[in-house]
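Trainee: To start, I am sharing the structure in question, which I have written as structure tokens.
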Amino acid sequence: MIIEGSDRKKFEKLGASNLLDLALIAPSSYEDRRLYPYLRLSKENAFEAVVKNFYETPKYIKLTLFLKNVNKTLEALIFHPKSYHKRAFTIGKECYITGRVENSYGKVQIFQPKIVDSVGEIIPKYKTPLRSKTVSELMKKYLKRESLSAYGLREEEITVLLNLHFPPPSFSLEDESVRRVLKFVEIYNYMLKLSKKKRVYKASRRIFADPSGFIKSLPFKLTNDQLKAIEDIREDLSKEIAARRVIMGDVGCGKTIVMLAAAFMAYPSKSVLMAPTTVLAKQIYNEALKYLPNFKIALVTNKTKEESLEKYDFLIGTHALLYRNLPKCDLVMVDEQHRFGTVQREMIKKLISKDESTRPHYLQFSATPIPRTMSLIESNLVSFSFIKELPFKKEVTTKIVTKENFKELISHIKREALNDRQTIVVYPLVEESEVIDYLSIEEAKEYWLKNFEGVYVTYGKDREKEDVLEEFAENGKILIATTLIEVGISLPKLSTIVIVAPERLGLATLHQLRGRVSRNGLRGYCFLFTKTPGNERLREFCKTSDGFEIAKLDLKFRQSGDILTGEHQSGKSFKFFDPAEDEKIAKEAKMRVDAFLRKRDKIL
């Protein structure tokens with residue numbers, strides 16, 4: 001159903017772009033104008049009335065009304081009367097009125113009666129930028145059974161939506177079936193909108209590859225999840241449509257090997273992989289040299305010399321890649337894309353879209369899991385692969401500690417140092433703050449430097465941070481840092497991480513930090529040093545090490561961001577649907593959207 005031009009601005013003011021948006025604007029309340037044959041105390045009542053008497057004072061008007069539907073005569077009071085009240089309530093006038101009926105000091109009275117046009121129905125009230133009456137008129141004009149059916153909704157769902165705005169006598173907004181329909185229609189509508197945002201491009205090259213040679217050459221066995229992700233990529237590369245896939249895996253699940261398998265399958269086409277830090281780019285580069293010995297591989301960072309990159313099969317680097325003259329690549333991979341700035345993300349898009357008619361295959365890798373519910377929703381934009389299995393069992397003890405446990409904590413760190421194991425202490429700030437009641441790096445570093453050997457200090461704005469991290473990895477005992485070590489650094493000897501003021505960080509970030517320890521099966525420890533040991537989020541975090549469960553908890557405590565606008569930040573996007581609780585509803589919506597789009601495409 002087409003929205004008429006005169007109504008488009010009204011839809012815009014309501015934040016509605018289609019009829020499902022309009023239908024999901026639930027009334028904030030209802031006015032019951034049905035005529036009952038009895039009085040309902042302490043509620044708004046509707047009456048068919050005749051004015052029998054009129055008495056006026058400066059402060060109020062007192063009316064005597066005969067109420068036909070209850071066959072009673074009652075007194076009505078209007079406080080702070082206006083001049084129109086005198087004209088409206090003339091003696092002998094017959095009218096429909098509504099007013100609150102109260103038993104005041106043993107006397108039943110009607111308070112603040114007002115004349116209405118009609119009775120006998122339930123009137124929905126809306127809290128929107130438009131008048132409630134205007135919204136009701138839009139509902140009556142556009143919400144028809146056939147117009148809602150065109151979106152692929154079922155009869156029972158349409159009935160609930162129509163009842164919401166045109167309520168029958170038995171309708172209740174508190175009915176659980178009503179709430180479920182609102183949840184379903186909201187997420188279904190959201191997925192439909194996402195499907196419109198999806199852009200499909202012809203692949204710059206169809207790649208038919210067999211990864212078995214690479215897999216057999218490895219000196220270790222891949223997990224089933226790694227093999228499944230590689231198979232997903234193999235299928236993607238063989239299609240005429242350019243791939244857009246996110247490979248999502250928990251910390252330490254072995255995503256790097258999947259990246260190298262993708263580059264192996266793409267050969268002889270060239271591949272490019274961009275990582276957020278030099279340390280991470282170097283790590284992937286070194287792994288590539290080890291497991292792709294026959295490839296010509298280049299490392300591109302701000303410190304590498306300018307040269308022609310045409311001779312290389314696989315380019316691995318940081319955002320420095322965006323400023324080099326790159327050869328044609330049929331496979332583009334980005335690790336931890338969310339860690340790149342807005343400008344860099346736009347440049348990444350240009351990197352993968354030199355030719356307007358075709359696109360290279362595009363893979364994103366992330367060690368920050370999102371709940372399966374959110375991936376279901378996003379799958380209308382991109383495909384997903386999940387790597388949940390770990391190559392080895394990680395044993396990490398997570399514990400909340402306070403200043404009372406400080407001596408015990410220091411003893412632990414000293415024991416680990418004696419056993420040639422490393423510790424990272426993560427502080428919330430670099431410099432002192434009057435707002436945050438925790439020590440900063442600048443305030444705390446003297447203690448560590450004075451009492452321990454092999455102490456290194458770095459933070460986000462430290463120009464030498466990557467050199468410091470590399471030197472610490474080789475020779476250090478204790479690293480004092482901010483959350484810059486959240487992603488990408490591989491420290492085989494790291495057994496302990498202490499996170500100061502963990503309540504200031506999201507659970508996903510805490511999980512990333514914890515993931516730095518026990519990378520090779522080493523016994524690990526994560527201590528949350530806090531002044532709020534009763535914090536529910538932190539207690540829940542200590543109970544699980546599953547990144548996908550952590551993501552679900554993070555969603556529960558922070559709520560999701562808006563996928564349509566690309567804002568994956570905290571703040572709720574939905575009024576009825578709850579991503580943390582309604583996975584089954586999301587699954588059903590996903591199936592129904594896919595079926596609806598297939599049917600629609602056939603018709604068209």
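Chain labels run A, B, ... following the order of the structure tokens; each chain numbers its residues from 1, and ligands are numbered from 1 in the order shown.
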So that I can check the surroundings of Lys328 of chain A, please list as a ChimeraX atom specification every protein, DNA and RNA residue that reaches within 12 Å of it, counting only C-alpha atoms and ignoring chain neighbours fewer than 4 positions away.

Mentor: /A:204-205,268-272,309-315,332,351-355,358-361

Trainee: Residues within 10 Å of segment 217-219 of chain A, please, as a tab-separated table (two decimals) with N, CA and C atoms, in the first residue's frame. Count only C-alpha atoms; anything in the same chain fewer than 4 positions from it doesn't count.

Mentor:
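See result.tsv below for the written result:
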chain	number	residue	atom	x	y	z
A	212	SER	N	42.66	-29.23	0.73
A	212	SER	CA	43.19	-30.44	1.38
A	212	SER	C	44.71	-30.47	1.41
A	213	GLY	N	45.37	-29.95	0.36
A	213	GLY	CA	46.84	-29.93	0.34
A	213	GLY	C	47.40	-29.11	1.49
A	257	ILE	N	44.99	-19.67	11.11
A	257	ILE	CA	45.14	-20.79	10.18
A	257	ILE	C	44.04	-20.75	9.12
A	290	LYS	N	55.70	-19.63	7.76
A	290	LYS	CA	55.89	-20.99	8.24
A	290	LYS	C	55.00	-21.99	7.49
A	291	TYR	N	53.73	-21.61	7.25
A	291	TYR	CA	52.76	-22.58	6.73
A	291	TYR	C	52.43	-22.40	5.24
A	292	LEU	N	52.92	-21.31	4.63
A	292	LEU	CA	52.77	-21.11	3.18
A	292	LEU	C	54.16	-20.90	2.59

Trainee: Do you have the atom CA of Ser118 of chain A-atom CA of Ala49 of chain A distance handy?

Mentor: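 Between atom CA of Ser118 of chain A and atom CA of Ala49 of chain A the gap works out to 12.4 Å.
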
Trainee: Identify, on the basis of only C-alpha atoms, every residue whose closest approach to Gly476 of chain A does not exceed 6 Å; exclude the query and any residue fewer than 2 positions from it along the same chain; express the result as a tab-separated table (two decimals) with N, CA and C atoms, in the first residue's frame.

Mentor:
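Written output follows (selection-v4.tsv):
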chain	number	residue	atom	x	y	z
A	454	GLY	N	62.31	-6.58	35.43
A	454	GLY	CA	61.70	-6.89	34.13
A	454	GLY	C	60.33	-6.27	33.94
A	472	PHE	N	58.94	-6.90	25.68
A	472	PHE	CA	58.36	-7.56	26.85
A	472	PHE	C	58.14	-9.04	26.58
A	478	ILE	N	56.78	-8.32	33.97
A	478	ILE	CA	55.51	-7.64	34.25
A	478	ILE	C	55.32	-6.51	33.25

Trainee: Return the single residue from A:Ala288, A:Ala229, A:Glu306, A:Leu153 that is closest to Ala595 of chain A, with distances computed using only C-alpha atoms.

Mentor: A:Leu153

Trainee: Please extract the residues of segment 281-500 of chain A with a backbone DSSP assignment of helix (DSSP H, G or I) and present them as a VMD selection string.

Mentor: chain A and resid 281 to 291 319 to 323 337 to 339 342 to 351 372 to 378 403 to 418 441 to 451 465 to 475 483 to 486

Trainee: What lies within 12 Å of segment 318-320 of chain A using only C-alpha atoms, ignoring chain neighbours under 5 positions off, as a ChimeraX atom specification?

Mentor: /A:272-285,298-306,325-326,333-337,339-341,343-348,351

Trainee: Please, which residues of segment 451-503 of chain A, numbered as in this document, come out strand (DSSP E or B) from DSSP, as a ChimeraX atom specification?

Mentor: /A:455-457,478-481,494-500

Trainee: Only C-alpha atoms, please: the residues just picked out, written as a PDB file, in the first residue's frame.

Mentor:
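Saved to selection-v4.pdb:
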ATOM      1  CA  VAL A 455      58.884  -4.314  34.348  1.00  0.00           C
ATOM      2  CA  TYR A 456      57.725  -2.681  31.101  1.00  0.00           C
ATOM      3  CA  VAL A 457      55.233   0.189  30.794  1.00  0.00           C
ATOM      4  CA  ILE A 478      55.505  -7.642  34.254  1.00  0.00           C
ATOM      5  CA  LEU A 479      53.781  -5.349  31.765  1.00  0.00           C
ATOM      6  CA  ILE A 480      51.902  -2.282  33.030  1.00  0.00           C
ATOM      7  CA  ALA A 481      49.448  -1.213  30.320  1.00  0.00           C
ATOM      8  CA  LEU A 494      51.799 -15.033  29.986  1.00  0.00           C
ATOM      9  CA  SER A 495      50.031 -16.776  32.870  1.00  0.00           C
ATOM     10  CA  THR A 496      48.363 -13.901  34.761  1.00  0.00           C
ATOM     11  CA  ILE A 497      46.378 -10.788  33.970  1.00  0.00           C
ATOM     12  CA  VAL A 498      45.194  -8.301  36.606  1.00  0.00           C
ATOM     13  CA  ILE A 499      42.450  -5.940  35.448  1.00  0.00           C
ATOM     14  CA  VAL A 500      42.050  -2.833  37.617  1.00  0.00           C
TER      15      VAL A 500
END

Trainee: Please measure the separation of atom CA of Leu19 of chain A and atom CA of Tyr142 of chain A, giving the value in Å to one decimal.

Mentor: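 Atom-to-atom, atom CA of Leu19 of chain A and atom CA of Tyr142 of chain A are spaced 7.2 Å apart.
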
Trainee: Which one is closest to Pro168 of chain A: A:His511, A:Lys465, A:Arg34, A:Arg598? Count only C-alpha atoms.

Mentor: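 Going through A:His511, A:Lys465, A:Arg34, A:Arg598 one by one, the smallest distance to Pro168 of chain A is for A:Arg34.
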
Trainee: For each of A:Lys202, A:Val181, A:Lys587, A:Met265, take the minimum atom-to-atom distance to Ile215 of chain A, counting only C-alpha atoms, then give the residue where this is smallest.

Mentor: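 Among the listed residues, the smallest separation from Ile215 of chain A belongs to A:Met265.
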
Trainee: Just to confirm, what's the straight-line distance from atom CA of Arg519 of chain A to atom CA of Lys407 of chain A in Å (one decimal)?

Mentor: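 Separation between atom CA of Arg519 of chain A and atom CA of Lys407 of chain A: 26.7 Å.
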
Trainee: Which residues come within 8 Å of Ser29 of chain A, counting only C-alpha atoms, excluding same-chain residues fewer than 2 positions away, as an NGL selection string?

Mentor: :A and (27 or 31 or 124-126)

Trainee: Please produce an output containing C-alpha atoms for each residue in the selection, written as a PDB file, in the first residue's frame.

Mentor:
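What ended up in part15.pdb:
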ATOM      1  CA  PRO A  27      -1.023   2.739  22.238  1.00  0.00           C
ATOM      2  CA  GLU A  31      -9.940   5.150  26.962  1.00  0.00           C
ATOM      3  CA  PRO A 124      -6.433   3.996  21.884  1.00  0.00           C
ATOM      4  CA  LYS A 125      -4.210   6.863  23.093  1.00  0.00           C
ATOM      5  CA  TYR A 126      -0.734   7.406  21.597  1.00  0.00           C
TER       6      TYR A 126
END

Trainee: List the neighbours of segment 84-90 of chain A out to 12 Å using only C-alpha atoms; skip same-chain residues closer than 4 positions along the sequence, and give me the result as a list in words.

Mentor: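 Surrounding residues, per the criterion: Ala49, Val50, Val51, Lys52, Asn53, Phe54, Tyr55, Glu56, Thr57, Tyr60, Ile61, Lys62, Leu63, Thr64, Leu65, Ala76, Leu77, Ile78, Phe79, His80, Glu94, Cys95, Tyr96, Ile97, Gln112, Pro113, Lys114, Ile115 and Val116 of chain A.
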
Trainee: Write the residues of the preceding selection, restricted to N, CA and C atoms, as a PDB file, in the first residue's frame.

Mentor:
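Result written to out.pdb:
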ATOM      1  N   ALA A  49     -25.885  11.433  28.872  1.00  0.00           N
ATOM      2  CA  ALA A  49     -26.337  12.294  29.970  1.00  0.00           C
ATOM      3  C   ALA A  49     -27.295  13.397  29.509  1.00  0.00           C
ATOM      4  N   VAL A  50     -28.108  13.860  30.490  1.00  0.00           N
ATOM      5  CA  VAL A  50     -28.976  15.038  30.302  1.00  0.00           C
ATOM      6  C   VAL A  50     -28.659  16.003  31.436  1.00  0.00           C
ATOM      7  N   VAL A  51     -28.361  17.286  31.101  1.00  0.00           N
ATOM      8  CA  VAL A  51     -28.037  18.299  32.111  1.00  0.00           C
ATOM      9  C   VAL A  51     -29.332  18.779  32.765  1.00  0.00           C
ATOM     10  N   LYS A  52     -29.479  18.536  34.067  1.00  0.00           N
ATOM     11  CA  LYS A  52     -30.693  18.916  34.798  1.00  0.00           C
ATOM     12  C   LYS A  52     -30.521  20.227  35.558  1.00  0.00           C
ATOM     13  N   ASN A  53     -29.315  20.508  36.014  1.00  0.00           N
ATOM     14  CA  ASN A  53     -29.093  21.728  36.788  1.00  0.00           C
ATOM     15  C   ASN A  53     -27.663  22.202  36.586  1.00  0.00           C
ATOM     16  N   PHE A  54     -27.437  23.512  36.737  1.00  0.00           N
ATOM     17  CA  PHE A  54     -26.125  24.129  36.514  1.00  0.00           C
ATOM     18  C   PHE A  54     -25.903  25.162  37.622  1.00  0.00           C
ATOM     19  N   TYR A  55     -24.779  25.039  38.399  1.00  0.00           N
ATOM     20  CA  TYR A  55     -24.490  25.993  39.466  1.00  0.00           C
ATOM     21  C   TYR A  55     -23.021  26.395  39.353  1.00  0.00           C
ATOM     22  N   GLU A  56     -22.777  27.710  39.342  1.00  0.00           N
ATOM     23  CA  GLU A  56     -21.426  28.214  39.082  1.00  0.00           C
ATOM     24  C   GLU A  56     -20.892  29.020  40.270  1.00  0.00           C
ATOM     25  N   THR A  57     -19.596  28.777  40.602  1.00  0.00           N
ATOM     26  CA  THR A  57     -18.854  29.609  41.553  1.00  0.00           C
ATOM     27  C   THR A  57     -17.555  30.012  40.850  1.00  0.00           C
ATOM     28  N   TYR A  60     -15.409  26.619  40.787  1.00  0.00           N
ATOM     29  CA  TYR A  60     -15.878  25.374  40.185  1.00  0.00           C
ATOM     30  C   TYR A  60     -17.300  25.528  39.647  1.00  0.00           C
ATOM     31  N   ILE A  61     -17.679  24.542  38.793  1.00  0.00           N
ATOM     32  CA  ILE A  61     -19.064  24.434  38.315  1.00  0.00           C
ATOM     33  C   ILE A  61     -19.620  23.124  38.847  1.00  0.00           C
ATOM     34  N   LYS A  62     -20.835  23.202  39.385  1.00  0.00           N
ATOM     35  CA  LYS A  62     -21.494  21.983  39.858  1.00  0.00           C
ATOM     36  C   LYS A  62     -22.675  21.699  38.933  1.00  0.00           C
ATOM     37  N   LEU A  63     -22.710  20.467  38.396  1.00  0.00           N
ATOM     38  CA  LEU A  63     -23.787  20.058  37.488  1.00  0.00           C
ATOM     39  C   LEU A  63     -24.603  18.952  38.136  1.00  0.00           C
ATOM     40  N   THR A  64     -25.901  18.937  37.802  1.00  0.00           N
ATOM     41  CA  THR A  64     -26.730  17.779  38.139  1.00  0.00           C
ATOM     42  C   THR A  64     -27.059  17.084  36.826  1.00  0.00           C
ATOM     43  N   LEU A  65     -26.651  15.807  36.713  1.00  0.00           N
ATOM     44  CA  LEU A  65     -26.805  15.080  35.455  1.00  0.00           C
ATOM     45  C   LEU A  65     -27.654  13.832  35.666  1.00  0.00           C
ATOM     46  N   ALA A  76     -21.876  16.369  39.254  1.00  0.00           N
ATOM     47  CA  ALA A  76     -20.586  16.420  38.566  1.00  0.00           C
ATOM     48  C   ALA A  76     -19.906  17.740  38.884  1.00  0.00           C
ATOM     49  N   LEU A  77     -18.604  17.713  39.106  1.00  0.00           N
ATOM     50  CA  LEU A  77     -17.834  18.912  39.445  1.00  0.00           C
ATOM     51  C   LEU A  77     -16.764  19.169  38.395  1.00  0.00           C
ATOM     52  N   ILE A  78     -16.688  20.461  37.984  1.00  0.00           N
ATOM     53  CA  ILE A  78     -15.638  20.892  37.054  1.00  0.00           C
ATOM     54  C   ILE A  78     -14.828  21.968  37.769  1.00  0.00           C
ATOM     55  N   PHE A  79     -13.572  21.648  38.124  1.00  0.00           N
ATOM     56  CA  PHE A  79     -12.708  22.624  38.787  1.00  0.00           C
ATOM     57  C   PHE A  79     -11.959  23.456  37.746  1.00  0.00           C
ATOM     58  N   HIS A  80     -11.653  24.698  38.120  1.00  0.00           N
ATOM     59  CA  HIS A  80     -10.985  25.652  37.220  1.00  0.00           C
ATOM     60  C   HIS A  80     -11.705  25.730  35.869  1.00  0.00           C
ATOM     61  N   GLU A  94     -28.688  17.266  25.958  1.00  0.00           N
ATOM     62  CA  GLU A  94     -28.388  15.829  25.950  1.00  0.00           C
ATOM     63  C   GLU A  94     -27.041  15.636  25.265  1.00  0.00           C
ATOM     64  N   CYS A  95     -26.170  14.868  25.901  1.00  0.00           N
ATOM     65  CA  CYS A  95     -24.806  14.723  25.361  1.00  0.00           C
ATOM     66  C   CYS A  95     -24.156  13.425  25.853  1.00  0.00           C
ATOM     67  N   TYR A  96     -23.043  13.065  25.166  1.00  0.00           N
ATOM     68  CA  TYR A  96     -22.200  11.973  25.639  1.00  0.00           C
ATOM     69  C   TYR A  96     -21.057  12.598  26.427  1.00  0.00           C
ATOM     70  N   ILE A  97     -20.782  12.041  27.606  1.00  0.00           N
ATOM     71  CA  ILE A  97     -19.684  12.586  28.406  1.00  0.00           C
ATOM     72  C   ILE A  97     -18.797  11.445  28.926  1.00  0.00           C
ATOM     73  N   GLN A 112     -14.502  16.305  36.652  1.00  0.00           N
ATOM     74  CA  GLN A 112     -14.007  16.839  35.373  1.00  0.00           C
ATOM     75  C   GLN A 112     -14.659  16.163  34.154  1.00  0.00           C
ATOM     76  N   PRO A 113     -15.996  16.190  34.064  1.00  0.00           N
ATOM     77  CA  PRO A 113     -16.654  15.614  32.890  1.00  0.00           C
ATOM     78  C   PRO A 113     -16.319  16.405  31.622  1.00  0.00           C
ATOM     79  N   LYS A 114     -16.207  15.683  30.496  1.00  0.00           N
ATOM     80  CA  LYS A 114     -16.009  16.375  29.215  1.00  0.00           C
ATOM     81  C   LYS A 114     -16.903  15.748  28.167  1.00  0.00           C
ATOM     82  N   ILE A 115     -17.381  16.572  27.257  1.00  0.00           N
ATOM     83  CA  ILE A 115     -18.280  16.102  26.194  1.00  0.00           C
ATOM     84  C   ILE A 115     -17.447  15.460  25.084  1.00  0.00           C
ATOM     85  N   VAL A 116     -17.896  14.291  24.613  1.00  0.00           N
ATOM     86  CA  VAL A 116     -17.212  13.580  23.525  1.00  0.00           C
ATOM     87  C   VAL A 116     -18.179  13.340  22.381  1.00  0.00           C
TER      88      VAL A 116
END
